[in-house]
Amino acid sequence: MFNLTRREFLQLGAASTAALAAGSGLSALAQADELARGGKDFGRKSHKERQGIPSVCLQCVSGCGIIGYVEDGRLVKIEGNPEHPNSRGTICARGQAGVNQVYDPDRILYPMRRVGARGEGKWKRISWEEALNEVAGKMRELRESGKPHEFVFRYGRNRVTDYTDRFFDAYGTPHRLNHTTICEGSKQVALQMTWGKGRELADAAHTKYVLNFGCNPYEAHTQHSSLVQRIVEGRVENGAKLVTFDVRMSNTAGRSDEWFPVKPGTDAAVALAMCNVIMEEQLYDEKFINTWTNVTVEQLKQHLAQFTPEWAEKISGVPAKDIARIAKEFAGNRPRATTLSYRGVCAHYNGTISERCISLLNIIIGSIDQKGGYGVPKGPKFADVKPKPEKVKLHSELAKPKEYPLATHTVSQLGLPLIKEGREKVSIYMTYVNNDAYSYPDNNLMTEILKDEKLIPYFVAVDAYMGEATALADIILPDAIYLERTHLDKDDPYGMVPYIALRQKIVAPLGEAKSFHEYILPELAKRIGGGMEQYYAYGTVEDFMTVQLGKTPELLSEGGLDYLKKHGVWYDKTKKPAYKAHTKEVKPEDLVGTTADENGVITKLDDHGKPVYVGIMIEGKALKGFSPDKHFDTGGKIAVYSKVLEEKGFPALPTYVPIPEHQNLKADELIMTTFKVNVHTQSRTANCKWLSEIYHENSLWMHPEAAAKRGLKDGDLVVVTSKVGSQKIKLRVTEGIYPGVVSFADSVGHSAYGRIASGKQVTDAEDVEDELVWWKDRGAHLNSIIPVTVDPVGGNQGWMDTVVTVKKA
């Protein structure tokens, strides 16, 4: 018998593909029958049709529609759901590798209590009854002593906030720490304070021009598959042009019509210079600016006059002539032109202000909510399930530190450091699929705090995998993963028609794993008592979801939950894309009982006597306008001039704010940035065998000029040093990066998270091979040398601002 290892098979496959492409075999394949689009699958041995169950992926936040195929009670395959209006039957490698999440050989399957020192790795298996009674007992004691505010809940990816908010409002703690500011918190704040919506929805399928600043949709994005297929669609069908500004030759930059390497944190200078050109060349939409913003054309011209292309070139490194040319091309395609931006912009000290500069490009050409322009999200709303506890009114210094009053999300990176500082006393710390000790900056500091039993006396982790933080817990409650639980899901619709999806159980939870929202929270509420149990009188999760769907009678008429179970998703197919929603008239019945102020803003008092935005008077008509976010009163128009920024001492108009650490770099100093690869998601996927086999080792990207100055060559082992530490990593010398920058990919370099993620040898009797992990290198995790920093406006972690030196190891 001929023995072939996996590595040899992959090498042989690559060689065979090359030979096939060069020979006549390719034409033979071209004559084969086209595969079916999807929706069915058959057993390889039985040839019987497998059971297909539609659901929603959660390998990243994109929420793509999937179908899980089950054979003999085991999940064997995942593919895209063709009925899903966003993903349209496509999923990426991560989505397919969800199978690995279910059957990870190191998955946590039973409740466990720590029996050694914290972090020593010694555990005792206990029963659910014992685990729940212990946790509930400590929570009840804290609550009955009048100290529920000493309980802290921290979560990573939480798609069941309707359930978790219910529980922790009932319990009485204000400390609910999300992870948004280690992702895109500053972007959301910038959009919220400008036109009320915290997400962008570029109508890429219908656009003719895309200006991309620091965004990488071809590789990693919050709407990865859904967005990139529409960018491709726009380029193929409309001849749309894609221009990318990024410090690195990302997959997106490589597939762009033009790529400009830009100095980190200077995207705003480029955007402002483009705005300057558009205004000077009179390529703007005068009516839109004067009608729908709180500034005039003349005010904008006066403000933007200082930001010339020549000025921007000196700051960013992008040639002035290209800035001017691209600005004219962009405006020449209005309103079917849009921008994209993400962590390359918002993950800086100046992230919020810079995002407002990029938004201004869409505003001045009038592409906001236009076909092919910059869309405003239009998601559905769920009905409240009653009885519902009142919101906790106590302030949380861990979630909303007083230094950052404009940050609308938890300033995540400060949560643990503020506990160490003594900002809030903590008696119980509970995490839900969260990994502070890996995903956060300066993770050595985070680990040190989590280990300190004086700062965190009792640590409960709800998780399916032994991540670096979960390994430090006192008790672990095994979580049912996204393929083993059920709840409603929704996201921003690229078809401009709202949709509702169902993330439903495809297989039963493995071992004794239990769903956090379906089992653990209700059981804890019953055991804690004190009135908490009344908020779980709704019955089953299906009963809960049925009430939630009450605001969507059209879906209920088609079968409600039964329809979702069968199709996985629903949207009103009779509705057409709703562009220019701000110009629609308010219904007469919605104007009953309203008043309008001196600025034409129409409001109505709610049940609590608070004014609620209804619309705005424009030219004698009551129009819907731009509905303000609950955090910022934008008055129904686009707040180009931000009074709230002015009040807090920040620039009221979009402007360029230099990053302090980057202004006086020493000769040997470089700026270090991070990026994501297309087969991994932050800390969450390195345990997936199929994905880690593809990508398990990273390197530090460096430009040849920078390498030559330091006497370094490709493949060298180097030491990277910042003000908080040093780390070793292999070097990759490439011209695909800005000369003064080094960059690394995250998601690898685990010290925990199971043997597959950590690169240690593991065997599995159920696998067809003895060698499950043939690779030895697991890469380097440089978060340990990234200091905790904060955008003073939106609160984002400054992932792209770290100043380092690099030397040969």
# chains A, B, ... in the order shown; residues from 1 in each chain; ligands from 1
>>> closest_atom_pairs(of="segment 88-205 of chain A", to="segment 689-692 of chain A", cutoff="7 Å", atoms="only C-alpha atoms", output="CSV")
residue,atom,partner,partner_atom,distance
A:Arg94,CA,A:Leu691,CA,7.0
A:Ala97,CA,A:Trp690,CA,6.3
A:Asn100,CA,A:Lys689,CA,6.5
>>> write_last_selection(atoms="N, CA, C and O atoms", output="mmCIF file, in the first residue's frame")
data_model
loop_
_atom_site.group_PDB
_atom_site.id
_atom_site.type_symbol
_atom_site.label_atom_id
_atom_site.label_comp_id
_atom_site.auth_asym_id
_atom_site.auth_seq_id
_atom_site.Cartn_x
_atom_site.Cartn_y
_atom_site.Cartn_z
ATOM 1 N N ARG A 94 -13.773 29.752 6.205
ATOM 2 C CA ARG A 94 -14.085 29.732 7.637
ATOM 3 C C ARG A 94 -15.466 29.136 7.889
ATOM 4 O O ARG A 94 -15.669 28.362 8.827
ATOM 5 N N ALA A 97 -15.433 25.461 7.595
ATOM 6 C CA ALA A 97 -14.688 24.830 8.686
ATOM 7 C C ALA A 97 -15.425 24.863 10.014
ATOM 8 O O ALA A 97 -14.884 24.415 11.033
ATOM 9 N N ASN A 100 -15.264 21.817 12.116
ATOM 10 C CA ASN A 100 -14.150 21.637 13.057
ATOM 11 C C ASN A 100 -14.470 22.186 14.436
ATOM 12 O O ASN A 100 -13.934 21.702 15.440
#
>>> select_by_dssp(residues="segment 509-739 of chain A", states="alpha helix (DSSP H)", output="ChimeraX atom specification")
/A:521-528,541-548,553-557,561-567,643-647,689-694,704-709
>>> write_last_selection(atoms="N, CA and C atoms", output="short mmCIF file (atom, residue, chain, number, x, y, z; two decimals), in the first residue's frame")
data_model
loop_
_atom_site.label_atom_id
_atom_site.label_comp_id
_atom_site.auth_asym_id
_atom_site.auth_seq_id
_atom_site.Cartn_x
_atom_site.Cartn_y
_atom_site.Cartn_z
N LEU A 521 -28.61 30.88 31.50
CA LEU A 521 -29.16 32.09 32.10
C LEU A 521 -30.51 31.84 32.78
N PRO A 522 -31.47 31.14 32.15
CA PRO A 522 -32.73 30.86 32.86
C PRO A 522 -32.52 30.05 34.13
N GLU A 523 -31.61 29.09 34.09
CA GLU A 523 -31.37 28.27 35.27
C GLU A 523 -30.74 29.08 36.39
N LEU A 524 -29.81 29.95 36.06
CA LEU A 524 -29.21 30.81 37.07
C LEU A 524 -30.26 31.74 37.67
N ALA A 525 -31.15 32.29 36.83
CA ALA A 525 -32.19 33.20 37.31
C ALA A 525 -33.10 32.51 38.32
N LYS A 526 -33.48 31.27 38.02
CA LYS A 526 -34.35 30.51 38.95
C LYS A 526 -33.66 30.27 40.28
N ARG A 527 -32.37 29.97 40.23
CA ARG A 527 -31.64 29.66 41.45
C ARG A 527 -31.31 30.91 42.26
N ILE A 528 -31.09 32.04 41.58
CA ILE A 528 -30.83 33.29 42.30
C ILE A 528 -32.10 33.80 42.94
N VAL A 541 -37.72 29.18 24.24
CA VAL A 541 -37.06 30.13 23.34
C VAL A 541 -37.90 30.33 22.08
N GLU A 542 -38.61 29.29 21.65
CA GLU A 542 -39.50 29.45 20.49
C GLU A 542 -40.63 30.43 20.82
N ASP A 543 -41.14 30.38 22.04
CA ASP A 543 -42.17 31.33 22.45
C ASP A 543 -41.60 32.75 22.45
N PHE A 544 -40.38 32.88 22.92
CA PHE A 544 -39.70 34.18 22.96
C PHE A 544 -39.57 34.74 21.55
N MET A 545 -39.12 33.91 20.62
CA MET A 545 -38.92 34.37 19.25
C MET A 545 -40.24 34.71 18.56
N THR A 546 -41.27 33.98 18.87
CA THR A 546 -42.58 34.25 18.26
C THR A 546 -43.06 35.65 18.63
N VAL A 547 -42.85 36.03 19.91
CA VAL A 547 -43.21 37.38 20.34
C VAL A 547 -42.34 38.41 19.62
N GLN A 548 -41.05 38.14 19.50
CA GLN A 548 -40.14 39.06 18.83
C GLN A 548 -40.59 39.36 17.40
N PRO A 553 -45.64 41.27 10.76
CA PRO A 553 -46.83 40.48 10.46
C PRO A 553 -46.76 39.76 9.11
N GLU A 554 -45.99 40.33 8.18
CA GLU A 554 -45.86 39.70 6.86
C GLU A 554 -45.20 38.32 6.99
N LEU A 555 -44.21 38.22 7.84
CA LEU A 555 -43.55 36.93 8.07
C LEU A 555 -44.49 35.97 8.79
N LEU A 556 -45.20 36.48 9.78
CA LEU A 556 -46.13 35.62 10.52
C LEU A 556 -47.20 35.05 9.60
N SER A 557 -47.61 35.84 8.62
CA SER A 557 -48.64 35.37 7.68
C SER A 557 -48.12 34.25 6.79
N LEU A 561 -42.09 31.22 12.52
CA LEU A 561 -40.94 30.38 12.83
C LEU A 561 -40.87 29.15 11.94
N ASP A 562 -42.01 28.60 11.58
CA ASP A 562 -42.00 27.41 10.71
C ASP A 562 -41.37 27.75 9.36
N TYR A 563 -41.65 28.94 8.85
CA TYR A 563 -41.05 29.36 7.59
C TYR A 563 -39.54 29.49 7.76
N LEU A 564 -39.11 30.11 8.86
CA LEU A 564 -37.68 30.29 9.09
C LEU A 564 -36.95 28.97 9.28
N LYS A 565 -37.60 28.02 9.93
CA LYS A 565 -36.97 26.71 10.12
C LYS A 565 -36.74 26.01 8.78
N LYS A 566 -37.64 26.23 7.88
CA LYS A 566 -37.54 25.56 6.57
C LYS A 566 -36.57 26.28 5.64
N HIS A 567 -36.60 27.62 5.64
CA HIS A 567 -35.83 28.39 4.67
C HIS A 567 -34.58 29.05 5.27
N LYS A 643 -21.73 69.90 17.05
CA LYS A 643 -21.74 70.70 18.26
C LYS A 643 -21.21 69.91 19.46
N VAL A 644 -21.51 68.62 19.48
CA VAL A 644 -21.07 67.80 20.61
C VAL A 644 -19.55 67.69 20.63
N LEU A 645 -18.92 67.58 19.45
CA LEU A 645 -17.46 67.57 19.41
C LEU A 645 -16.89 68.91 19.88
N GLU A 646 -17.52 69.98 19.43
CA GLU A 646 -17.07 71.32 19.81
C GLU A 646 -17.16 71.50 21.32
N GLU A 647 -18.26 71.04 21.92
CA GLU A 647 -18.46 71.18 23.36
C GLU A 647 -17.41 70.43 24.17
N LYS A 689 -8.92 22.69 12.29
CA LYS A 689 -7.84 21.98 11.60
C LYS A 689 -7.70 22.42 10.15
N TRP A 690 -8.81 22.53 9.44
CA TRP A 690 -8.76 22.85 8.02
C TRP A 690 -8.16 24.23 7.78
N LEU A 691 -8.43 25.15 8.69
CA LEU A 691 -7.95 26.53 8.52
C LEU A 691 -6.50 26.68 8.96
N SER A 692 -6.15 26.09 10.09
CA SER A 692 -4.77 26.20 10.56
C SER A 692 -3.80 25.45 9.67
N GLU A 693 -4.29 24.45 8.97
CA GLU A 693 -3.43 23.77 8.01
C GLU A 693 -3.05 24.71 6.87
N ILE A 694 -3.98 25.59 6.50
CA ILE A 694 -3.72 26.56 5.43
C ILE A 694 -2.82 27.69 5.94
N PRO A 704 11.91 46.57 1.63
CA PRO A 704 13.34 46.33 1.37
C PRO A 704 14.26 47.46 1.83
N GLU A 705 13.81 48.73 1.68
CA GLU A 705 14.63 49.85 2.11
C GLU A 705 14.89 49.80 3.61
N ALA A 706 13.82 49.53 4.37
CA ALA A 706 13.94 49.45 5.83
C ALA A 706 14.81 48.26 6.24
N ALA A 707 14.66 47.14 5.52
CA ALA A 707 15.45 45.95 5.82
C ALA A 707 16.93 46.19 5.55
N ALA A 708 17.24 46.84 4.43
CA ALA A 708 18.63 47.10 4.07
C ALA A 708 19.31 47.99 5.10
N LYS A 709 18.61 49.00 5.60
CA LYS A 709 19.17 49.90 6.61
C LYS A 709 19.54 49.17 7.89
#
>>> residues_around(residues="Arg199 of chain A", least_positions_apart="5", cutoff="12 Å", atoms="only C-alpha atoms", output="JSON, numbers by chain")
{"A": [184, 185, 186, 187, 188, 189, 190, 191, 192, 193, 194, 222, 223, 340, 341, 342, 355, 359, 374, 375, 376, 377, 378, 379, 491, 492, 493, 629]}
>>> write_last_selection(atoms="N, CA and C atoms", output="PDB file, in the first residue's frame")
ATOM      1  N   GLU A 184     -14.148  48.186  15.753  1.00  0.00           N
ATOM      2  CA  GLU A 184     -14.427  49.393  14.971  1.00  0.00           C
ATOM      3  C   GLU A 184     -15.251  50.427  15.725  1.00  0.00           C
ATOM      4  N   GLY A 185     -15.086  50.502  17.046  1.00  0.00           N
ATOM      5  CA  GLY A 185     -15.895  51.417  17.852  1.00  0.00           C
ATOM      6  C   GLY A 185     -15.853  52.861  17.385  1.00  0.00           C
ATOM      7  N   SER A 186     -14.670  53.351  17.029  1.00  0.00           N
ATOM      8  CA  SER A 186     -14.556  54.761  16.617  1.00  0.00           C
ATOM      9  C   SER A 186     -15.265  55.031  15.299  1.00  0.00           C
ATOM     10  N   LYS A 187     -15.299  54.060  14.425  1.00  0.00           N
ATOM     11  CA  LYS A 187     -16.039  54.228  13.173  1.00  0.00           C
ATOM     12  C   LYS A 187     -17.525  54.405  13.472  1.00  0.00           C
ATOM     13  N   GLN A 188     -18.038  53.563  14.358  1.00  0.00           N
ATOM     14  CA  GLN A 188     -19.451  53.654  14.691  1.00  0.00           C
ATOM     15  C   GLN A 188     -19.787  54.991  15.322  1.00  0.00           C
ATOM     16  N   VAL A 189     -18.940  55.476  16.221  1.00  0.00           N
ATOM     17  CA  VAL A 189     -19.184  56.770  16.859  1.00  0.00           C
ATOM     18  C   VAL A 189     -19.185  57.890  15.812  1.00  0.00           C
ATOM     19  N   ALA A 190     -18.237  57.839  14.882  1.00  0.00           N
ATOM     20  CA  ALA A 190     -18.161  58.868  13.842  1.00  0.00           C
ATOM     21  C   ALA A 190     -19.440  58.929  13.026  1.00  0.00           C
ATOM     22  N   LEU A 191     -19.966  57.770  12.655  1.00  0.00           N
ATOM     23  CA  LEU A 191     -21.191  57.738  11.852  1.00  0.00           C
ATOM     24  C   LEU A 191     -22.407  58.118  12.688  1.00  0.00           C
ATOM     25  N   GLN A 192     -22.448  57.660  13.936  1.00  0.00           N
ATOM     26  CA  GLN A 192     -23.579  57.991  14.809  1.00  0.00           C
ATOM     27  C   GLN A 192     -23.697  59.494  15.011  1.00  0.00           C
ATOM     28  N   MET A 193     -22.579  60.175  15.232  1.00  0.00           N
ATOM     29  CA  MET A 193     -22.650  61.612  15.502  1.00  0.00           C
ATOM     30  C   MET A 193     -22.771  62.442  14.226  1.00  0.00           C
ATOM     31  N   THR A 194     -22.673  61.765  13.058  1.00  0.00           N
ATOM     32  CA  THR A 194     -22.801  62.492  11.794  1.00  0.00           C
ATOM     33  C   THR A 194     -24.190  62.346  11.200  1.00  0.00           C
ATOM     34  N   THR A 222     -16.540  42.972   8.169  1.00  0.00           N
ATOM     35  CA  THR A 222     -17.711  42.577   8.948  1.00  0.00           C
ATOM     36  C   THR A 222     -18.817  41.988   8.077  1.00  0.00           C
ATOM     37  N   GLN A 223     -18.791  42.283   6.763  1.00  0.00           N
ATOM     38  CA  GLN A 223     -19.749  41.701   5.832  1.00  0.00           C
ATOM     39  C   GLN A 223     -18.987  41.062   4.668  1.00  0.00           C
ATOM     40  N   LEU A 340     -15.317  53.175   1.202  1.00  0.00           N
ATOM     41  CA  LEU A 340     -15.233  52.102   2.191  1.00  0.00           C
ATOM     42  C   LEU A 340     -14.113  52.493   3.149  1.00  0.00           C
ATOM     43  N   SER A 341     -14.266  52.159   4.401  1.00  0.00           N
ATOM     44  CA  SER A 341     -13.178  52.372   5.359  1.00  0.00           C
ATOM     45  C   SER A 341     -13.388  51.432   6.534  1.00  0.00           C
ATOM     46  N   TYR A 342     -12.278  51.117   7.181  1.00  0.00           N
ATOM     47  CA  TYR A 342     -12.410  50.236   8.348  1.00  0.00           C
ATOM     48  C   TYR A 342     -11.199  50.418   9.258  1.00  0.00           C
ATOM     49  N   GLU A 355     -12.562  59.217  10.328  1.00  0.00           N
ATOM     50  CA  GLU A 355     -13.748  58.619   9.697  1.00  0.00           C
ATOM     51  C   GLU A 355     -14.720  59.703   9.238  1.00  0.00           C
ATOM     52  N   SER A 359     -16.259  60.297   5.483  1.00  0.00           N
ATOM     53  CA  SER A 359     -17.704  60.424   5.281  1.00  0.00           C
ATOM     54  C   SER A 359     -18.041  61.682   4.492  1.00  0.00           C
ATOM     55  N   TYR A 374     -23.557  55.605  -0.996  1.00  0.00           N
ATOM     56  CA  TYR A 374     -23.236  55.225   0.377  1.00  0.00           C
ATOM     57  C   TYR A 374     -24.540  55.006   1.129  1.00  0.00           C
ATOM     58  N   GLY A 375     -24.898  53.735   1.313  1.00  0.00           N
ATOM     59  CA  GLY A 375     -26.213  53.407   1.852  1.00  0.00           C
ATOM     60  C   GLY A 375     -26.335  53.581   3.350  1.00  0.00           C
ATOM     61  N   VAL A 376     -27.543  53.837   3.790  1.00  0.00           N
ATOM     62  CA  VAL A 376     -27.883  53.916   5.212  1.00  0.00           C
ATOM     63  C   VAL A 376     -28.565  52.604   5.594  1.00  0.00           C
ATOM     64  N   PRO A 377     -28.063  51.881   6.607  1.00  0.00           N
ATOM     65  CA  PRO A 377     -28.626  50.576   6.983  1.00  0.00           C
ATOM     66  C   PRO A 377     -30.115  50.633   7.297  1.00  0.00           C
ATOM     67  N   LYS A 378     -30.813  49.551   6.941  1.00  0.00           N
ATOM     68  CA  LYS A 378     -32.267  49.490   7.128  1.00  0.00           C
ATOM     69  C   LYS A 378     -32.635  48.118   7.687  1.00  0.00           C
ATOM     70  N   GLY A 379     -32.247  47.850   8.899  1.00  0.00           N
ATOM     71  CA  GLY A 379     -32.528  46.556   9.503  1.00  0.00           C
ATOM     72  C   GLY A 379     -33.915  46.491  10.113  1.00  0.00           C
ATOM     73  N   ASP A 491     -29.142  41.502  10.148  1.00  0.00           N
ATOM     74  CA  ASP A 491     -27.993  42.349   9.855  1.00  0.00           C
ATOM     75  C   ASP A 491     -28.385  43.348   8.777  1.00  0.00           C
ATOM     76  N   ASP A 492     -27.447  44.231   8.461  1.00  0.00           N
ATOM     77  CA  ASP A 492     -27.723  45.243   7.449  1.00  0.00           C
ATOM     78  C   ASP A 492     -27.885  44.580   6.079  1.00  0.00           C
ATOM     79  N   PRO A 493     -28.969  44.894   5.359  1.00  0.00           N
ATOM     80  CA  PRO A 493     -29.257  44.200   4.090  1.00  0.00           C
ATOM     81  C   PRO A 493     -28.620  44.879   2.877  1.00  0.00           C
ATOM     82  N   ASP A 629     -29.263  59.190  16.231  1.00  0.00           N
ATOM     83  CA  ASP A 629     -28.900  58.116  17.144  1.00  0.00           C
ATOM     84  C   ASP A 629     -29.280  58.532  18.560  1.00  0.00           C
TER      85      ASP A 629
END
>>> closest_residue(among="A:Leu605, A:Leu488, A:Leu406, A:Ile449", to="Gly568 of chain A", atoms="only C-alpha atoms")
A:Leu488
>>> residues_around(residues="Glu424 of chain A", least_positions_apart="2", cutoff="7 Å", atoms="only C-alpha atoms", output="ChimeraX atom specification")
/A:397-398,419,422,426
